[in-house]
$ cat query04.pdb   # PDB, C-alpha atoms and all ligand atoms
ATOM      1  CA  MET A 290     -27.846 -24.794  -7.613
ATOM      2  CA  LYS A 291     -27.111 -21.160  -8.539
ATOM      3  CA  LYS A 292     -23.628 -20.076  -7.506
ATOM      4  CA  PRO A 293     -22.963 -16.792  -5.643
ATOM      5  CA  VAL A 294     -21.904 -14.029  -8.005
ATOM      6  CA  VAL A 295     -18.758 -11.909  -7.577
ATOM      7  CA  ALA A 296     -17.819  -8.669  -9.381
ATOM      8  CA  THR A 297     -14.622  -6.618  -9.176
ATOM      9  CA  ALA A 298     -13.516  -3.129 -10.228
ATOM     10  CA  SER A 299     -10.361  -1.045 -10.203
ATOM     11  CA  LEU A 300     -10.974   2.675  -9.642
ATOM     12  CA  ALA A 301      -7.910   4.852  -8.907
ATOM     13  CA  GLY A 302      -5.725   1.814  -8.280
ATOM     14  CA  CYS A 303      -2.716   0.094  -9.837
ATOM     15  CA  PHE A 304      -4.303  -3.364 -10.337
ATOM     16  CA  GLY A 305      -1.970  -4.696  -7.623
ATOM     17  CA  CYS A 306      -4.989  -5.734  -5.547
ATOM     18  CA  HIS A 307      -6.390  -7.649  -8.535
ATOM     19  CA  MET A 308      -2.957  -9.279  -8.917
ATOM     20  CA  SER A 309      -3.138 -10.297  -5.261
ATOM     21  CA  LEU A 310      -6.514 -11.928  -5.926
ATOM     22  CA  LEU A 311      -4.881 -13.899  -8.748
ATOM     23  CA  ASP A 312      -2.058 -14.787  -6.322
ATOM     24  CA  ILE A 313      -4.366 -17.266  -4.585
ATOM     25  CA  ASP A 314      -2.697 -19.525  -7.190
ATOM     26  CA  GLU A 315      -4.308 -22.928  -7.717
ATOM     27  CA  ARG A 316      -7.196 -21.952  -5.418
ATOM     28  CA  ILE A 317      -8.443 -19.876  -8.354
ATOM     29  CA  LEU A 318      -9.762 -23.216  -9.704
ATOM     30  CA  ASP A 319     -11.679 -23.728  -6.439
ATOM     31  CA  LEU A 320     -12.978 -20.162  -6.664
ATOM     32  CA  ILE A 321     -14.313 -20.776 -10.156
ATOM     33  CA  GLU A 322     -16.162 -23.810  -8.759
ATOM     34  CA  LEU A 323     -17.571 -21.728  -5.893
ATOM     35  CA  VAL A 324     -18.682 -18.549  -7.676
ATOM     36  CA  ASP A 325     -19.635 -17.014 -10.991
ATOM     37  CA  PHE A 326     -17.959 -13.756 -12.018
ATOM     38  CA  ASN A 327     -20.013 -10.826 -13.249
ATOM     39  CA  LYS A 328     -18.631  -7.420 -14.296
ATOM     40  CA  SER A 329     -14.855  -7.488 -13.793
ATOM     41  CA  PRO A 330     -11.594  -6.705 -15.597
ATOM     42  CA  ILE A 331     -10.711 -10.344 -14.880
ATOM     43  CA  THR A 332     -13.548 -11.580 -17.079
ATOM     44  CA  ASP A 333     -13.640  -8.449 -19.258
ATOM     45  CA  ILE A 334     -17.410  -8.267 -18.678
ATOM     46  CA  LYS A 335     -18.119  -4.531 -19.043
ATOM     47  CA  SER A 336     -21.675  -4.166 -17.667
ATOM     48  CA  PHE A 337     -23.637  -5.851 -14.888
ATOM     49  CA  THR A 338     -25.895  -8.601 -16.120
ATOM     50  CA  GLY A 339     -27.910  -8.809 -12.857
ATOM     51  CA  LYS A 340     -27.436  -8.593  -9.090
ATOM     52  CA  CYS A 341     -24.202  -9.664  -7.394
ATOM     53  CA  ASP A 342     -23.527 -11.149  -3.997
ATOM     54  CA  ILE A 343     -20.042  -9.729  -3.444
ATOM     55  CA  GLY A 344     -18.312  -6.730  -5.042
ATOM     56  CA  LEU A 345     -14.578  -6.185  -4.580
ATOM     57  CA  ILE A 346     -13.399  -2.597  -5.116
ATOM     58  CA  GLU A 347      -9.760  -1.647  -5.637
ATOM     59  CA  GLY A 348      -8.762   2.041  -5.627
ATOM     60  CA  GLY A 349     -10.401   5.217  -4.436
ATOM     61  CA  CYS A 350     -12.288   7.858  -6.419
ATOM     62  CA  CYS A 351     -10.043  10.242  -8.341
ATOM     63  CA  LEU A 352     -12.343  10.897 -11.344
ATOM     64  CA  ASP A 353     -16.062  11.473 -11.816
ATOM     65  CA  GLU A 354     -16.093   8.159 -13.701
ATOM     66  CA  ASN A 355     -14.805   6.344 -10.561
ATOM     67  CA  VAL A 356     -17.779   7.708  -8.594
ATOM     68  CA  HIS A 357     -20.172   6.508 -11.290
ATOM     69  CA  VAL A 358     -18.646   2.988 -11.296
ATOM     70  CA  LEU A 359     -18.651   2.795  -7.484
ATOM     71  CA  LYS A 360     -22.304   3.861  -7.219
ATOM     72  CA  ASP A 361     -23.199   1.314  -9.893
ATOM     73  CA  PHE A 362     -21.454  -1.404  -7.853
ATOM     74  CA  ARG A 363     -23.302  -0.323  -4.688
ATOM     75  CA  LYS A 364     -26.588  -0.585  -6.581
ATOM     76  CA  HIS A 365     -25.840  -4.076  -7.871
ATOM     77  CA  CYS A 366     -23.890  -5.723  -4.994
ATOM     78  CA  ARG A 367     -25.339  -7.037  -1.752
ATOM     79  CA  ILE A 368     -21.933  -6.904  -0.044
ATOM     80  CA  LEU A 369     -19.323  -4.350  -1.083
ATOM     81  CA  ILE A 370     -15.688  -4.616   0.046
ATOM     82  CA  SER A 371     -12.907  -2.001  -0.011
ATOM     83  CA  VAL A 372      -9.835  -3.995  -1.019
ATOM     84  CA  GLY A 373      -6.493  -2.359  -0.200
ATOM     85  CA  GLU A 374      -5.255   0.992   1.060
ATOM     86  CA  CYS A 375      -6.269   2.982  -2.041
ATOM     87  CA  ALA A 376      -9.917   1.973  -1.611
ATOM     88  CA  ILE A 377      -9.759   2.389   2.173
ATOM     89  CA  MET A 378      -7.772   5.637   2.460
ATOM     90  CA  GLY A 379      -7.097   6.897  -1.080
ATOM     91  CA  GLY A 380      -3.546   5.474  -1.050
ATOM     92  CA  LEU A 381      -0.739   6.997  -3.128
ATOM     93  CA  PRO A 382      -3.096   8.900  -5.496
ATOM     94  CA  ALA A 383      -4.336  10.821  -2.438
ATOM     95  CA  MET A 384      -0.908  12.447  -2.124
ATOM     96  CA  ARG A 385      -2.371  15.133  -4.379
ATOM     97  CA  ASN A 386      -5.045  15.942  -1.786
ATOM     98  CA  GLY A 387      -4.359  19.399  -0.440
ATOM     99  CA  ILE A 388      -2.913  20.616  -3.761
ATOM    100  CA  PRO A 389      -5.356  22.487  -6.027
ATOM    101  CA  VAL A 390      -6.346  20.459  -9.123
ATOM    102  CA  GLN A 391      -5.146  23.178 -11.510
ATOM    103  CA  GLU A 392      -1.713  23.124  -9.860
ATOM    104  CA  CYS A 393      -1.547  19.309 -10.257
ATOM    105  CA  LEU A 394      -2.473  19.583 -13.941
ATOM    106  CA  GLU A 395       0.121  22.289 -14.557
ATOM    107  CA  GLU A 396       2.824  20.201 -12.882
ATOM    108  CA  ALA A 397       1.835  17.119 -14.930
ATOM    109  CA  TYR A 398       1.453  18.820 -18.323
ATOM    110  CA  ILE A 399       3.345  22.145 -18.269
ATOM    111  CA  SER A 400       6.103  22.538 -15.698
ATOM    112  CA  GLY A 401       7.034  19.018 -14.474
ATOM    113  CA  PRO A 402      10.576  17.696 -15.152
ATOM    114  CA  SER A 403       9.521  15.121 -17.790
ATOM    115  CA  VAL A 404       7.091  17.383 -19.675
ATOM    116  CA  LYS A 405       9.643  18.603 -22.234
ATOM    117  CA  ASP A 406       9.813  15.146 -23.873
ATOM    118  CA  SER A 407       6.371  13.723 -23.141
ATOM    119  CA  ASN A 408       4.289  16.824 -23.925
ATOM    120  CA  PRO A 409       6.437  19.248 -25.944
ATOM    121  CA  GLU A 410       3.415  21.417 -26.810
ATOM    122  CA  ARG A 411       2.574  21.727 -23.096
ATOM    123  CA  ILE A 412      -1.161  21.339 -23.570
ATOM    124  CA  ILE A 413      -3.429  20.308 -20.703
ATOM    125  CA  PRO A 414      -5.894  17.795 -22.254
ATOM    126  CA  ASN A 415      -9.448  19.103 -22.011
ATOM    127  CA  ASP A 416     -11.499  16.998 -24.431
ATOM    128  CA  LYS A 417     -15.074  16.758 -23.133
ATOM    129  CA  GLU A 418     -14.911  12.959 -23.592
ATOM    130  CA  LEU A 419     -12.232  12.722 -20.880
ATOM    131  CA  PRO A 420     -13.266  11.923 -17.307
ATOM    132  CA  VAL A 421     -13.102  14.912 -14.953
ATOM    133  CA  LEU A 422     -10.597  15.041 -12.074
ATOM    134  CA  LEU A 423     -12.260  15.432  -8.674
ATOM    135  CA  ASP A 424     -11.081  18.144  -6.269
ATOM    136  CA  ARG A 425      -9.379  15.395  -4.237
ATOM    137  CA  VAL A 426      -9.170  11.593  -4.049
ATOM    138  CA  TYR A 427     -12.013  10.126  -1.981
ATOM    139  CA  PRO A 428     -11.847   6.763  -0.185
ATOM    140  CA  CYS A 429     -14.767   4.554  -1.205
ATOM    141  CA  HIS A 430     -16.628   4.755   2.114
ATOM    142  CA  GLU A 431     -16.924   8.552   1.703
ATOM    143  CA  VAL A 432     -18.903   7.977  -1.504
ATOM    144  CA  VAL A 433     -21.075   4.918  -0.739
ATOM    145  CA  LYS A 434     -21.574   2.571   2.196
ATOM    146  CA  MET A 435     -18.879  -0.129   2.246
ATOM    147  CA  ASP A 436     -19.489  -3.333   4.193
ATOM    148  CA  TYR A 437     -15.954  -4.621   4.750
ATOM    149  CA  PHE A 438     -12.366  -3.363   4.532
ATOM    150  CA  LEU A 439      -9.399  -5.585   3.651
ATOM    151  CA  PRO A 440      -6.182  -3.739   4.578
ATOM    152  CA  GLY A 441      -2.829  -3.983   2.828
ATOM    153  CA  CYS A 442      -1.023  -2.697  -0.237
ATOM    154  CA  PRO A 443      -2.033  -5.028  -1.630
ATOM    155  CA  PRO A 444      -3.896  -7.204   0.889
ATOM    156  CA  ASP A 445      -2.278 -10.600   1.141
ATOM    157  CA  ALA A 446      -3.736 -13.229  -1.232
ATOM    158  CA  ASP A 447      -4.531 -15.447   1.771
ATOM    159  CA  LEU A 448      -6.474 -12.605   3.376
ATOM    160  CA  ILE A 449      -8.563 -12.121   0.219
ATOM    161  CA  TRP A 450      -9.167 -15.859  -0.044
ATOM    162  CA  ASN A 451     -10.094 -16.182   3.645
ATOM    163  CA  ALA A 452     -12.457 -13.218   3.463
ATOM    164  CA  LEU A 453     -14.181 -14.483   0.325
ATOM    165  CA  THR A 454     -14.643 -18.016   1.603
ATOM    166  CA  ALA A 455     -15.863 -16.748   4.993
ATOM    167  CA  LEU A 456     -18.528 -14.619   3.302
ATOM    168  CA  LEU A 457     -19.522 -17.460   0.996
ATOM    169  CA  GLU A 458     -19.923 -19.753   4.035
ATOM    170  CA  ASN A 459     -21.700 -17.103   6.158
ATOM    171  CA  ARG A 460     -18.818 -16.987   8.641
ATOM    172  CA  GLU A 461     -17.224 -13.963  10.313
ATOM    173  CA  ILE A 462     -14.189 -12.671   8.418
ATOM    174  CA  ASP A 463     -11.050 -13.329  10.454
ATOM    175  CA  LEU A 464      -8.790 -10.243  10.476
ATOM    176  CA  PRO A 465      -5.915 -11.095  12.834
ATOM    177  CA  TYR A 466      -3.885  -8.231  14.313
ATOM    178  CA  GLU A 467      -0.895  -9.218  12.172
ATOM    179  CA  VAL A 468      -2.644  -8.155   8.941
ATOM    180  CA  PHE A 469      -2.907  -4.579  10.251
ATOM    181  CA  LYS A 470       0.794  -4.407  11.135
ATOM    182  CA  PHE A 471       3.241  -3.170   8.568
ATOM    183  CA  ASP A 472       6.362  -2.812  10.775
TER     184      ASP A 472
HETATM  185 FE1  LIG A 501      -2.136  -0.848  -5.910
HETATM  186 FE2  LIG A 501      -1.591  -0.921  -3.261
HETATM  187 FE3  LIG A 501      -3.524   0.631  -4.195
HETATM  188 FE4  LIG A 501      -3.854  -2.018  -4.223
HETATM  189  S1  LIG A 501      -3.660  -0.729  -2.404
HETATM  190  S2  LIG A 501      -4.369  -0.599  -5.883
HETATM  191  S3  LIG A 501      -1.751  -2.678  -4.645
HETATM  192  S4  LIG A 501      -1.325   0.823  -4.660
END
$ encode --input "query04.pdb" --output "structure tokens" --more "lines below"
Ligand code: SF4
Amino acid sequence: MKKPVVATASLAGCFGCHMSLLDIDERILDLIELVDFNKSPITDIKSFTGKCDIGLIEGGCCLDENVHVLKDFRKHCRILISVGECAIMGGLPAMRNGIPVQECLEEAYISGPSVKDSNPERIIPNDKELPVLLDRVYPCHEVVKMDYFLPGCPPDADLIWNALTALLENREIDLPYEVFKFD
């Protein structure tokens, strides 16, 4: 019988949510029995090879390229999940929201405290091959419809495992109050 297909992507994220997925430890062997992976940095498959059942998205949209990847996932995935605070709210990268893009670039490449050593010529990169910074960081649901949200930074490995297995077994995802509490 054909296994359900899972794909994952990291947009403006730190790969911590992918690490949390790997933190399901030995259950990764069960997961490989349960599903096939399509496009994902875990498998290093770069392009979709067909439709997917579940897409896991880490990170929000900081670059035009992130928007392109996210829309491509929406097109290919039946169920799309925002995994972690960056995907759900923009996370740390969204701290730049409210500051004009040009000001961010000047701080990073011209006037910031570490620029003297890292960029002595004080040039803001502008090669046309580079992805373009968006005016702010957008959470995924502001770009495409997202079906589920798994909170946390990163979400606990057990939460990711429970959500995945619930979806694979057509059960409701259990999100107990405790997983929303960070105090
Ligand atoms: Fe990294 Fe946390 Fe963002 Fe996940 S939610 S990508 S762990 S910063």
$ residues_near_ligand --input "query04.pdb" --ligand "ligand LIG 501 (chain A)" --cutoff "6 Å" --atoms "all atoms listed in the file" --output "JSON, numbers by chain"
{"A": [302, 303, 304, 305, 306, 347, 348, 373, 374, 375, 380, 442, 443]}
$ resolve_selection --input "query04.pdb" --expression "the PyMOL selection byres (((chain A and resi 370) around 8) and not hetatm)" --output "list in words"
Ile343, Gly344, Leu345, Ile346, Ile368, Leu369, Ser371, Val372, Met435, Asp436, Tyr437, Phe438 and Leu439 of chain A
$ atom_distance --input "query04.pdb" --atom1 "CA of Leu300 in chain A" --atom2 "CA of Asn355 in chain A"
5.4 Å
$ atom_distance --input "query04.pdb" --atom1 "CA of Ile462 in chain A" --atom2 "CA of Cys350 in chain A"
25.4 Å
$ closest_atom_pairs --input "query04.pdb" --of "range 307-413 of chain A" --to "range 444-451 of chain A" --cutoff "10 Å" --atoms "all atoms listed in the file" --output "tab-separated table"
residue	atom	partner	partner_atom	distance
A:His307	CA	A:Ala446	CA	9.6
A:Met308	CA	A:Ala446	CA	8.7
A:Ser309	CA	A:Ala446	CA	5.0
A:Leu310	CA	A:Ala446	CA	5.6
A:Leu311	CA	A:Ala446	CA	7.6
A:Asp312	CA	A:Ala446	CA	5.6
A:Ile313	CA	A:Ala446	CA	5.3
A:Asp314	CA	A:Ala446	CA	8.7
A:Arg316	CA	A:Trp450	CA	8.4
A:Ile317	CA	A:Trp450	CA	9.3
A:Leu320	CA	A:Trp450	CA	8.8
A:Leu345	CA	A:Ile449	CA	9.7
A:Val372	CA	A:Pro444	CA	7.0
A:Gly373	CA	A:Pro444	CA	5.6
A:Glu374	CA	A:Pro444	CA	8.3
$ atom_distance --input "query04.pdb" --atom1 "CA of Lys360 in chain A" --atom2 "CA of Ala298 in chain A"
11.6 Å
$ resolve_selection --input "query04.pdb" --expression "the PyMOL selection byres (((chain A and resi 429-431) around 7) and not hetatm)" --output "PyMOL selection string"
chain A and resi 349-350+371+376-377+427-428+432-435
$ residues_around --input "query04.pdb" --residues "Cys393 in chain A" --least-positions-apart "2" --cutoff "12 Å" --atoms "all atoms listed in the file" --output "ChimeraX atom specification"
/A:382-391,395-401,413,422-425
$ write_last_selection --input "query04.pdb" --atoms "C-alpha atoms" --output "short mmCIF file (atom, residue, chain, number, x, y, z; two decimals), in the coordinates of the input"
data_model
loop_
_atom_site.label_atom_id
_atom_site.label_comp_id
_atom_site.auth_asym_id
_atom_site.auth_seq_id
_atom_site.Cartn_x
_atom_site.Cartn_y
_atom_site.Cartn_z
CA PRO A 382 -3.10 8.90 -5.50
CA ALA A 383 -4.34 10.82 -2.44
CA MET A 384 -0.91 12.45 -2.12
CA ARG A 385 -2.37 15.13 -4.38
CA ASN A 386 -5.04 15.94 -1.79
CA GLY A 387 -4.36 19.40 -0.44
CA ILE A 388 -2.91 20.62 -3.76
CA PRO A 389 -5.36 22.49 -6.03
CA VAL A 390 -6.35 20.46 -9.12
CA GLN A 391 -5.15 23.18 -11.51
CA GLU A 395 0.12 22.29 -14.56
CA GLU A 396 2.82 20.20 -12.88
CA ALA A 397 1.84 17.12 -14.93
CA TYR A 398 1.45 18.82 -18.32
CA ILE A 399 3.34 22.14 -18.27
CA SER A 400 6.10 22.54 -15.70
CA GLY A 401 7.03 19.02 -14.47
CA ILE A 413 -3.43 20.31 -20.70
CA LEU A 422 -10.60 15.04 -12.07
CA LEU A 423 -12.26 15.43 -8.67
CA ASP A 424 -11.08 18.14 -6.27
CA ARG A 425 -9.38 15.40 -4.24
#
$ axis_aligned_box --input "query04.pdb" --around "range 380-394 of chain A" --padding-each-side "4 Å" --output "JSON"
{"center_x": -3.5, "center_y": 14.3, "center_z": -7.2, "size_x": 13.6, "size_y": 25.7, "size_z": 21.5}
$ resolve_selection --input "query04.pdb" --expression "the PyMOL selection byres (((chain A and resi 421) around 10) and not hetatm)" --output "PyMOL selection string"
chain A and resi 351-355+415-420+422-424
$ closest_residue --input "query04.pdb" --among "A:Thr297, A:Asn408, A:Ser403, A:Thr454" --to "Lys335 in chain A" --atoms "only C-alpha atoms"
A:Thr297
$ residues_around --input "query04.pdb" --residues "Phe469 in chain A" --least-positions-apart "2" --cutoff "10 Å" --atoms "only C-alpha atoms" --output "ChimeraX atom specification"
/A:439-441,444,464-467,471-472
$ residues_around --input "query04.pdb" --residues "Ala296 in chain A" --least-positions-apart "4" --cutoff "10 Å" --atoms "only C-alpha atoms" --output "MDAnalysis selection string"
chainID A and resid 325:332 334 337 340:346 362 365:366 369
